[in-house]
file input.cif (mmCIF, C-alpha atoms and all ligand atoms)
data_query
loop_
_atom_site.label_atom_id
_atom_site.label_comp_id
_atom_site.auth_asym_id
_atom_site.auth_seq_id
_atom_site.Cartn_x
_atom_site.Cartn_y
_atom_site.Cartn_z
CA MET Q 22 -23.38 -8.71 -13.67
CA SER Q 23 -26.12 -8.97 -16.32
CA GLU Q 24 -25.77 -9.07 -20.09
CA ASP Q 25 -27.56 -5.73 -20.17
CA SER Q 26 -24.99 -4.00 -18.05
CA ILE Q 27 -21.83 -5.16 -19.79
CA SER Q 28 -21.01 -6.63 -23.16
CA HIS Q 29 -18.79 -9.71 -22.94
CA SER Q 30 -16.25 -8.20 -25.32
CA ASN Q 31 -15.63 -5.48 -22.71
CA ILE Q 32 -14.79 -7.86 -19.89
CA ILE Q 33 -11.08 -7.77 -19.13
CA THR Q 34 -10.00 -10.07 -16.35
CA ILE Q 35 -6.93 -9.25 -14.30
CA GLU Q 36 -5.19 -12.28 -15.76
CA ARG Q 37 -5.66 -11.04 -19.31
CA HIS Q 38 -4.64 -7.50 -18.37
CA ILE Q 39 -1.41 -8.62 -16.70
CA LEU Q 40 -0.64 -10.95 -19.62
CA ASP Q 41 -1.25 -8.17 -22.15
CA GLY Q 42 1.23 -6.07 -20.19
CA GLN Q 43 3.79 -8.84 -20.49
CA LEU Q 44 3.41 -9.06 -24.29
CA VAL Q 45 5.11 -5.66 -24.75
CA HIS Q 46 8.18 -7.12 -23.00
CA PRO Q 47 9.35 -10.01 -25.21
CA GLU Q 48 12.23 -10.66 -22.80
CA ALA Q 49 9.81 -11.31 -19.91
CA THR Q 50 9.82 -14.80 -18.46
CA GLY Q 51 6.30 -14.55 -17.08
CA ALA Q 52 7.52 -14.69 -13.47
CA LEU Q 53 6.29 -11.18 -12.65
CA THR Q 54 2.98 -11.80 -14.41
CA ASN Q 55 2.42 -14.93 -12.40
CA LEU Q 56 3.51 -13.30 -9.17
CA LEU Q 57 0.92 -10.55 -9.64
CA TYR Q 58 -1.64 -13.20 -10.34
CA ASP Q 59 -0.65 -15.06 -7.14
CA LEU Q 60 -1.21 -11.83 -5.21
CA ALA Q 61 -4.64 -11.38 -6.81
CA LEU Q 62 -5.47 -14.89 -5.63
CA ALA Q 63 -4.25 -14.05 -2.12
CA GLY Q 64 -6.54 -11.00 -2.23
CA LYS Q 65 -9.52 -13.19 -3.08
CA VAL Q 66 -8.76 -15.59 -0.24
CA ILE Q 67 -8.29 -12.75 2.28
CA ALA Q 68 -11.47 -11.02 1.03
CA SER Q 69 -13.43 -14.20 1.67
CA LYS Q 70 -12.37 -13.98 5.34
CA THR Q 71 -12.70 -10.21 5.88
CA THR Q 72 -16.39 -10.41 4.98
CA ARG Q 73 -16.80 -12.94 7.80
CA ALA Q 74 -14.57 -11.14 10.29
CA GLY Q 75 -17.39 -10.54 12.76
CA LEU Q 76 -17.96 -14.23 13.19
CA ALA Q 77 -16.74 -15.83 16.36
CA GLU Q 78 -14.13 -18.16 14.90
CA ILE Q 79 -12.22 -15.27 13.36
CA LEU Q 80 -12.75 -12.36 15.67
CA GLY Q 81 -10.53 -12.06 18.70
CA ARG Q 82 -6.88 -11.60 19.38
CA THR Q 83 -4.16 -14.18 19.24
CA GLY Q 84 -2.56 -12.61 22.31
CA ASP Q 85 0.77 -12.16 20.51
CA VAL Q 86 2.41 -8.80 19.94
CA ASN Q 87 4.02 -8.08 16.56
CA VAL Q 88 7.35 -6.38 15.89
CA GLN Q 89 5.66 -2.96 15.85
CA GLY Q 90 4.40 -3.53 19.41
CA GLU Q 91 0.81 -3.91 18.20
CA GLN Q 92 -1.49 -6.69 19.23
CA VAL Q 93 -1.85 -9.21 16.41
CA LEU Q 94 -5.39 -10.01 15.37
CA LYS Q 95 -6.23 -13.39 13.99
CA LEU Q 96 -7.06 -11.87 10.66
CA ASP Q 97 -3.59 -10.26 10.43
CA ARG Q 98 -2.00 -13.64 10.89
CA PHE Q 99 -4.33 -15.27 8.42
CA ALA Q 100 -3.60 -12.59 5.78
CA ASP Q 101 0.14 -12.84 6.41
CA LEU Q 102 0.19 -16.61 6.03
CA THR Q 103 -2.07 -16.49 2.98
CA VAL Q 104 0.32 -14.23 1.07
CA GLN Q 105 3.31 -16.28 2.23
CA ARG Q 106 1.83 -19.67 1.34
CA LEU Q 107 0.59 -18.59 -2.08
CA THR Q 108 3.94 -17.12 -3.11
CA ASP Q 109 6.80 -18.96 -1.39
CA HIS Q 110 6.86 -22.23 -3.36
CA THR Q 111 6.46 -20.96 -6.92
CA GLY Q 112 10.08 -20.33 -7.86
CA ARG Q 113 9.37 -16.66 -8.55
CA LEU Q 114 10.65 -15.19 -5.27
CA ALA Q 115 13.96 -15.19 -3.44
CA GLY Q 116 12.42 -13.88 -0.22
CA LEU Q 117 9.56 -12.03 1.45
CA ALA Q 118 9.45 -9.28 4.06
CA SER Q 119 6.18 -8.66 5.87
CA GLU Q 120 5.19 -5.96 8.29
CA GLU Q 121 4.11 -8.71 10.66
CA ASN Q 122 7.52 -10.39 10.96
CA ALA Q 123 10.66 -9.00 12.56
CA GLU Q 124 12.98 -10.68 10.04
CA PHE Q 125 12.60 -11.26 6.33
CA ILE Q 126 11.64 -14.77 5.23
CA PRO Q 127 13.99 -16.49 2.78
CA ILE Q 128 12.44 -19.05 0.45
CA PRO Q 129 12.79 -22.46 2.14
CA ASP Q 130 15.46 -24.75 0.65
CA LYS Q 131 12.88 -27.27 -0.49
CA TYR Q 132 11.47 -24.77 -3.02
CA PRO Q 133 13.02 -23.27 -6.18
CA LYS Q 134 14.13 -19.64 -5.91
CA GLY Q 135 13.47 -16.73 -8.23
CA LYS Q 136 14.80 -13.23 -8.83
CA TYR Q 137 12.07 -11.17 -7.12
CA LEU Q 138 11.60 -9.93 -3.56
CA LEU Q 139 8.15 -9.29 -2.13
CA VAL Q 140 7.47 -6.70 0.57
CA TYR Q 141 3.96 -6.45 2.00
CA ASP Q 142 1.62 -5.26 4.69
CA PRO Q 143 -0.85 -8.15 4.89
CA LEU Q 144 -3.65 -6.34 6.69
CA ASP Q 145 -3.38 -2.58 6.71
CA GLY Q 146 -5.76 -0.78 9.07
CA SER Q 147 -6.18 -3.84 11.23
CA SER Q 148 -7.35 -1.79 14.22
CA ASN Q 149 -10.50 -1.18 12.15
CA VAL Q 150 -11.36 -4.87 11.79
CA ASP Q 151 -13.42 -5.08 14.96
CA PHE Q 152 -15.67 -2.24 13.79
CA ASN Q 153 -16.67 -3.48 10.34
CA MET Q 154 -14.50 -0.84 8.66
CA PRO Q 155 -12.48 -1.29 5.46
CA VAL Q 156 -8.99 -2.79 5.52
CA GLY Q 157 -6.39 -3.56 2.86
CA THR Q 158 -3.27 -5.40 1.73
CA ILE Q 159 -0.30 -3.48 0.27
CA PHE Q 160 2.54 -5.04 -1.75
CA GLY Q 161 5.71 -4.07 -3.54
CA ILE Q 162 7.98 -6.15 -5.78
CA TYR Q 163 11.71 -5.55 -6.20
CA LYS Q 164 14.35 -7.41 -8.16
CA ARG Q 165 17.21 -8.99 -6.25
CA THR Q 166 20.39 -6.92 -6.32
CA ARG Q 167 22.57 -10.06 -6.62
CA GLU Q 168 22.36 -12.69 -9.32
CA ASP Q 169 22.44 -15.69 -6.99
CA GLY Q 170 23.46 -16.94 -3.55
CA GLU Q 171 21.51 -16.67 -0.32
CA VAL Q 172 19.31 -13.58 -0.17
CA THR Q 173 20.36 -11.06 2.48
CA GLU Q 174 18.54 -8.27 4.30
CA ASP Q 175 20.38 -5.48 2.50
CA GLU Q 176 18.81 -6.62 -0.78
CA PHE Q 177 15.43 -5.58 0.62
CA LEU Q 178 16.71 -2.13 1.59
CA GLN Q 179 16.22 -0.60 -1.84
CA PRO Q 180 14.73 2.83 -2.54
CA GLY Q 181 11.17 2.76 -3.86
CA ARG Q 182 12.29 4.02 -7.26
CA ASN Q 183 13.62 0.46 -7.84
CA LEU Q 184 10.12 -1.03 -7.49
CA VAL Q 185 9.19 -3.26 -10.42
CA ALA Q 186 5.53 -3.33 -9.43
CA SER Q 187 3.34 -2.36 -6.53
CA GLY Q 188 -0.30 -2.45 -5.62
CA TYR Q 189 -2.95 -2.86 -3.00
CA ILE Q 190 -6.15 -4.73 -2.41
CA ALA Q 191 -8.91 -2.74 -0.71
CA TYR Q 192 -11.48 -4.79 1.18
CA GLY Q 193 -14.41 -2.37 1.34
CA THR Q 194 -17.97 -2.38 0.11
CA SER Q 195 -16.45 -4.33 -2.76
CA THR Q 196 -12.94 -5.76 -3.10
CA MET Q 197 -10.64 -3.87 -5.44
CA LEU Q 198 -7.12 -4.56 -6.62
CA VAL Q 199 -5.09 -1.62 -7.92
CA TYR Q 200 -1.60 -2.09 -9.35
CA THR Q 201 1.14 -0.53 -11.43
CA THR Q 202 4.17 -1.93 -13.19
CA GLY Q 203 5.27 1.55 -14.23
CA HIS Q 204 2.82 1.81 -17.12
CA GLY Q 205 -0.05 3.62 -15.47
CA VAL Q 206 -2.34 2.54 -12.67
CA HIS Q 207 -5.18 0.10 -13.21
CA GLY Q 208 -8.01 -0.92 -10.91
CA PHE Q 209 -10.02 -4.14 -10.84
CA THR Q 210 -13.17 -4.96 -8.93
CA LEU Q 211 -13.82 -8.46 -7.66
CA ASP Q 212 -17.04 -9.82 -9.08
CA PRO Q 213 -18.05 -12.27 -6.35
CA SER Q 214 -20.48 -14.08 -8.65
CA VAL Q 215 -17.66 -15.25 -10.94
CA GLY Q 216 -14.80 -15.00 -8.41
CA GLU Q 217 -12.67 -12.88 -10.73
CA PHE Q 218 -11.15 -9.39 -10.66
CA LEU Q 219 -12.50 -7.44 -13.66
CA LEU Q 220 -11.00 -4.24 -15.04
CA SER Q 221 -13.20 -1.42 -13.74
CA HIS Q 222 -10.81 1.55 -13.52
CA PRO Q 223 -8.30 1.61 -16.43
CA ASP Q 224 -5.56 4.27 -16.43
CA ILE Q 225 -6.38 5.96 -13.15
CA ARG Q 226 -5.24 9.59 -12.91
CA ILE Q 227 -5.68 11.61 -9.71
CA PRO Q 228 -8.38 14.15 -10.63
CA SER Q 229 -7.88 17.86 -10.20
CA PRO Q 230 -8.96 20.03 -8.46
CA PRO Q 231 -8.61 18.01 -5.24
CA LYS Q 232 -11.65 17.31 -3.13
CA TYR Q 233 -10.41 15.86 0.14
CA PHE Q 234 -7.70 16.02 2.74
CA SER Q 235 -7.21 13.12 5.13
CA VAL Q 236 -5.33 13.26 8.40
CA ASN Q 237 -5.83 12.32 12.03
CA ILE Q 238 -6.40 15.87 13.19
CA GLY Q 239 -6.67 14.62 16.78
CA TYR Q 240 -2.85 14.71 16.89
CA GLU Q 241 -2.48 18.34 15.78
CA LEU Q 242 -0.96 19.39 19.10
CA PHE Q 243 1.96 17.04 18.46
CA TRP Q 244 2.86 18.38 15.00
CA SER Q 245 5.60 20.77 13.90
CA ARG Q 246 4.82 24.39 12.94
CA GLY Q 247 5.20 23.52 9.25
CA VAL Q 248 2.64 20.72 9.41
CA ARG Q 249 0.21 22.92 11.36
CA ALA Q 250 0.65 25.69 8.77
CA TYR Q 251 -0.04 23.11 6.04
CA THR Q 252 -3.23 22.01 7.78
CA GLU Q 253 -4.38 25.63 7.99
CA PHE Q 254 -3.63 25.96 4.29
CA LEU Q 255 -5.82 22.91 3.55
CA GLN Q 256 -8.56 24.37 5.73
CA GLY Q 257 -8.58 27.46 3.54
CA ARG Q 258 -7.15 29.85 6.11
CA GLU Q 259 -4.91 32.78 5.11
CA GLY Q 260 -4.89 32.29 1.36
CA GLY Q 261 -5.11 28.51 1.54
CA VAL Q 262 -7.06 26.24 -0.74
CA LYS Q 263 -10.81 26.64 -0.28
CA GLY Q 264 -13.54 24.06 -0.09
CA LEU Q 265 -11.62 20.85 0.68
CA SER Q 266 -13.58 18.34 2.70
CA LEU Q 267 -11.97 16.31 5.53
CA ARG Q 268 -12.28 12.51 5.36
CA TYR Q 269 -10.30 10.13 7.57
CA ILE Q 270 -11.04 6.43 7.85
CA GLY Q 271 -7.84 5.43 9.64
CA THR Q 272 -6.99 2.72 7.11
CA LEU Q 273 -4.22 3.99 4.86
CA VAL Q 274 -5.30 1.90 1.86
CA SER Q 275 -8.88 3.18 2.03
CA ASP Q 276 -7.96 6.81 2.61
CA PHE Q 277 -5.41 6.65 -0.21
CA HIS Q 278 -7.82 4.86 -2.54
CA ARG Q 279 -10.58 7.43 -2.08
CA ASN Q 280 -8.20 10.31 -2.75
CA LEU Q 281 -6.71 8.53 -5.77
CA LEU Q 282 -10.16 8.31 -7.35
CA ALA Q 283 -11.66 11.59 -6.11
CA GLY Q 284 -8.57 13.84 -5.79
CA GLY Q 285 -6.92 14.92 -2.57
CA VAL Q 286 -4.07 14.38 -0.16
CA PHE Q 287 -3.49 11.99 2.75
CA TYR Q 288 -0.86 12.68 5.38
CA TYR Q 289 0.51 11.09 8.50
CA PRO Q 290 3.24 13.44 9.68
CA ALA Q 291 5.98 12.99 12.23
CA ASP Q 292 4.70 13.81 15.68
CA THR Q 293 5.92 13.99 19.24
CA LYS Q 294 3.18 11.93 20.90
CA ASP Q 295 5.30 8.78 21.06
CA PRO Q 296 8.98 9.44 21.86
CA ASN Q 297 9.86 6.07 20.30
CA THR Q 298 8.53 7.04 16.87
CA PRO Q 299 9.57 10.62 16.13
CA THR Q 300 9.51 9.87 12.42
CA GLY Q 301 5.83 9.11 12.00
CA LYS Q 302 3.93 5.86 12.15
CA LEU Q 303 3.82 4.42 8.65
CA ARG Q 304 6.40 2.00 7.30
CA LEU Q 305 8.56 3.07 4.40
CA LEU Q 306 9.03 -0.38 2.88
CA TYR Q 307 5.60 -1.93 3.29
CA GLU Q 308 3.29 1.09 3.01
CA ALA Q 309 4.80 4.39 1.89
CA ALA Q 310 6.99 3.29 -1.03
CA PRO Q 311 4.48 0.96 -2.76
CA LEU Q 312 1.73 3.60 -2.55
CA ALA Q 313 4.16 6.34 -3.63
CA PHE Q 314 4.87 4.40 -6.84
CA ILE Q 315 1.12 4.28 -7.53
CA ALA Q 316 0.62 7.95 -6.67
CA GLU Q 317 3.38 9.05 -9.06
CA GLN Q 318 2.12 6.77 -11.84
CA ALA Q 319 -1.31 8.37 -11.42
CA GLY Q 320 0.14 11.87 -11.82
CA GLY Q 321 0.44 12.61 -8.10
CA GLY Q 322 3.29 12.77 -5.63
CA ALA Q 323 4.53 11.38 -2.33
CA SER Q 324 6.94 13.02 0.10
CA ASP Q 325 8.21 12.68 3.64
CA GLY Q 326 7.83 16.45 3.90
CA ARG Q 327 11.35 17.12 2.70
CA GLY Q 328 11.80 14.99 -0.39
CA ARG Q 329 10.48 12.26 -2.61
CA ILE Q 330 9.51 9.03 -0.81
CA LEU Q 331 10.77 6.94 -3.75
CA ASP Q 332 14.30 8.34 -3.28
CA ILE Q 333 14.67 7.26 0.36
CA ARG Q 334 16.88 4.22 0.86
CA PRO Q 335 15.63 2.36 3.94
CA GLU Q 336 18.17 1.61 6.63
CA SER Q 337 16.09 -1.11 8.24
CA LEU Q 338 13.15 -3.29 7.25
CA HIS Q 339 10.64 -1.69 9.60
CA GLN Q 340 11.75 1.93 9.23
CA ARG Q 341 8.95 4.46 9.68
CA THR Q 342 8.46 7.67 7.74
CA PRO Q 343 6.23 10.72 7.66
CA LEU Q 344 4.02 10.51 4.58
CA PHE Q 345 2.24 13.14 2.46
CA ILE Q 346 0.68 11.50 -0.58
CA GLY Q 347 -1.78 12.30 -3.36
CA ASP Q 348 -2.37 15.47 -5.39
CA ARG Q 349 1.00 16.61 -6.66
CA ALA Q 350 0.55 20.36 -6.03
CA LEU Q 351 -0.65 19.71 -2.47
CA VAL Q 352 2.37 17.47 -1.81
CA GLU Q 353 4.71 20.17 -3.14
CA LYS Q 354 2.99 22.70 -0.90
CA VAL Q 355 3.82 20.82 2.29
CA GLU Q 356 7.50 20.68 1.35
CA GLU Q 357 7.42 24.47 0.88
CA LEU Q 358 5.77 25.08 4.26
CA ILE Q 359 8.06 22.67 6.11
CA ARG Q 360 11.10 24.39 4.55
CA LYS Q 361 9.72 27.74 5.67
CA HIS Q 362 8.66 26.92 9.25
CA ASP Q 363 10.60 23.91 10.56
P1 LIG C 401 -3.47 0.38 11.74
O1 LIG C 401 -2.67 0.91 12.88
O2 LIG C 401 -4.92 0.17 12.08
O3 LIG C 401 -2.85 -0.83 11.05
O4 LIG C 401 -0.65 1.03 9.11
C1 LIG C 401 -1.04 1.68 10.20
C2 LIG C 401 -2.42 2.30 10.16
O5 LIG C 401 -3.47 1.51 10.58
C3 LIG C 401 -2.83 2.89 8.79
O6 LIG C 401 -3.53 2.02 7.98
C4 LIG C 401 -3.67 4.08 9.18
O7 LIG C 401 -3.69 5.08 8.18
C5 LIG C 401 -3.03 4.56 10.45
O8 LIG C 401 -2.33 3.44 10.99
C6 LIG C 401 -4.02 5.05 11.46
O9 LIG C 401 -3.35 5.52 12.58
P2 LIG C 401 -4.07 6.42 13.68
O10 LIG C 401 -5.04 5.53 14.39
O11 LIG C 401 -2.94 6.86 14.56
O12 LIG C 401 -4.74 7.57 12.97
#
call {"tool": "encode", "arguments": {"input": "input.cif", "output": "structure tokens"}}
result
Amino acid sequence: MSEDSISHSNIITIERHILDGQLVHPEATGALTNLLYDLALAGKVIASKTTRAGLAEILGRTGDVNVQGEQVLKLDRFADLTVQRLTDHTGRLAGLASEENAEFIPIPDKYPKGKYLLVYDPLDGSSNVDFNMPVGTIFGIYKRTREDGEVTEDEFLQPGRNLVASGYIAYGTSTMLVYTTGHGVHGFTLDPSVGEFLLSHPDIRIPSPPKYFSVNIGYELFWSRGVRAYTEFLQGREGGVKGLSLRYIGTLVSDFHRNLLAGGVFYYPADTKDPNTPTGKLRLLYEAAPLAFIAEQAGGGASDGRGRILDIRPESLHQRTPLFIGDRALVEKVEELIRKHD
């Protein structure tokens, strides 16, 4: 970044931005601020590996299968351990739950414990890694529901409306971190020359009118009538919205991020292609709820097709959900069509 392109007084690092946010809460202990900063650091470490993912020592499978029945790539494991190791010893967390692990991870006895719980998907879109496509990390932060004692699984099973903060890191042509603590959505781009996330997208609002819809249309045969009617609406048939363009990367973070900045809707509905997952593919706790918090803070919406994602109380850590997320009017439309047809 040259002096010509940016004046130094305009440079806001993520650290300063998070700290400024804390100043309006005199009661804050700084734990949340530091936790967000730990996650930014994890993002930098993971980004340094994703850009080298094609190299022999990284690429390849570990041979293990994760709790979702997917093959674990080395990069998934690396990302998972990076988040864990940068957050578990700091005294800010009581426990972590990751999409990669069947059980939640309590903070080991040797470390101090804090009042926050971290839920995360360490490497979203991992099936894209082998093809030099973008991937991401998604996180959500809740407060414990009990003051003290051993943390238990039910403390993680909170509806998304209880989220204290959420965000994602998108590893694309550049690395971006986007987060909210309930006071708008802010985006930072990693400047590799200084190794710091700099504020590049303050106060993100989903633009209107929408430009894109994003869905794996290859599965259309397996969708309900309501979801097919919705797709026809997005394609501009029979009084539907005209002129939307279809874009689907197959990495939730990247598809969501594009639509957040350009306007549009992403959906991954329930389908009948896999009898074991009649409720869709995406995970409520690690993916849908954190992104729903961001979507709402940016003026958009997120639904499972029947109601607000943030109002669903998970019954298990790895619960899946249908997801319709982005432009608020387009999310309301799918609820209307599902009510009518399904
Ligand atoms: P992936 O399986 O590659 O980890 O989280 C699951 C996810 O990716 C999302 O990132 C993505 O939106 C979706 O699955 C893609 O699924 P399809 O290949 O079925 O379209």
call {"tool": "residues_near_ligand", "arguments": {"input": "input.cif", "ligand": "ligand LIG 401 (chain C)", "cutoff": "6 Å", "atoms": "only C-alpha atoms and all ligand atoms", "output": "JSON, numbers by chain"}}
result
{"Q": [145, 146, 147, 148, 149, 237, 271, 272, 273, 303]}
call {"tool": "closest_residue", "arguments": {"input": "input.cif", "among": "Q:Gly301, Q:Pro230, Q:Gly51, Q:Pro143", "to": "Q:Val104", "atoms": "only C-alpha atoms"}}
result
Q:Pro143
call {"tool": "atom_distance", "arguments": {"input": "input.cif", "atom1": "atom CA of Q:Asp97", "atom2": "atom CA of Q:Asn183"}}
result
27.3 Å
call {"tool": "closest_residue", "arguments": {"input": "input.cif", "among": "Q:Val150, Q:Leu44, Q:Leu338, Q:Val355", "to": "Q:Glu176", "atoms": "all atoms listed in the file"}}
result
Q:Leu338
call {"tool": "residues_around", "arguments": {"input": "input.cif", "residues": "Q:Gln43", "least_positions_apart": "2", "cutoff": "12 Å", "atoms": "all atoms listed in the file", "output": "PyMOL selection string"}}
result
chain Q and resi 36-41+45-55+57+202+204
call {"tool": "closest_atom_pairs", "arguments": {"input": "input.cif", "of": "stretch 250-360 of chain Q", "to": "stretch 206-226 of chain Q", "cutoff": "7 Å", "atoms": "all atoms listed in the file", "output": "CSV"}}
result
residue,atom,partner,partner_atom,distance
Q:Ile315,CA,Q:Val206,CA,6.4
Q:Gln318,CA,Q:Val206,CA,6.2
Q:Ala319,CA,Q:Arg226,CA,4.4
Q:Gly320,CA,Q:Arg226,CA,5.9
call {"tool": "atom_distance", "arguments": {"input": "input.cif", "atom1": "atom CA of Q:Leu107", "atom2": "atom CA of Q:Ala123"}}
result
20.2 Å
call {"tool": "closest_residue", "arguments": {"input": "input.cif", "among": "Q:Glu357, Q:Val66, Q:Leu178, Q:Lys136", "to": "Q:His339", "atoms": "only C-alpha atoms"}}
result
Q:Leu178
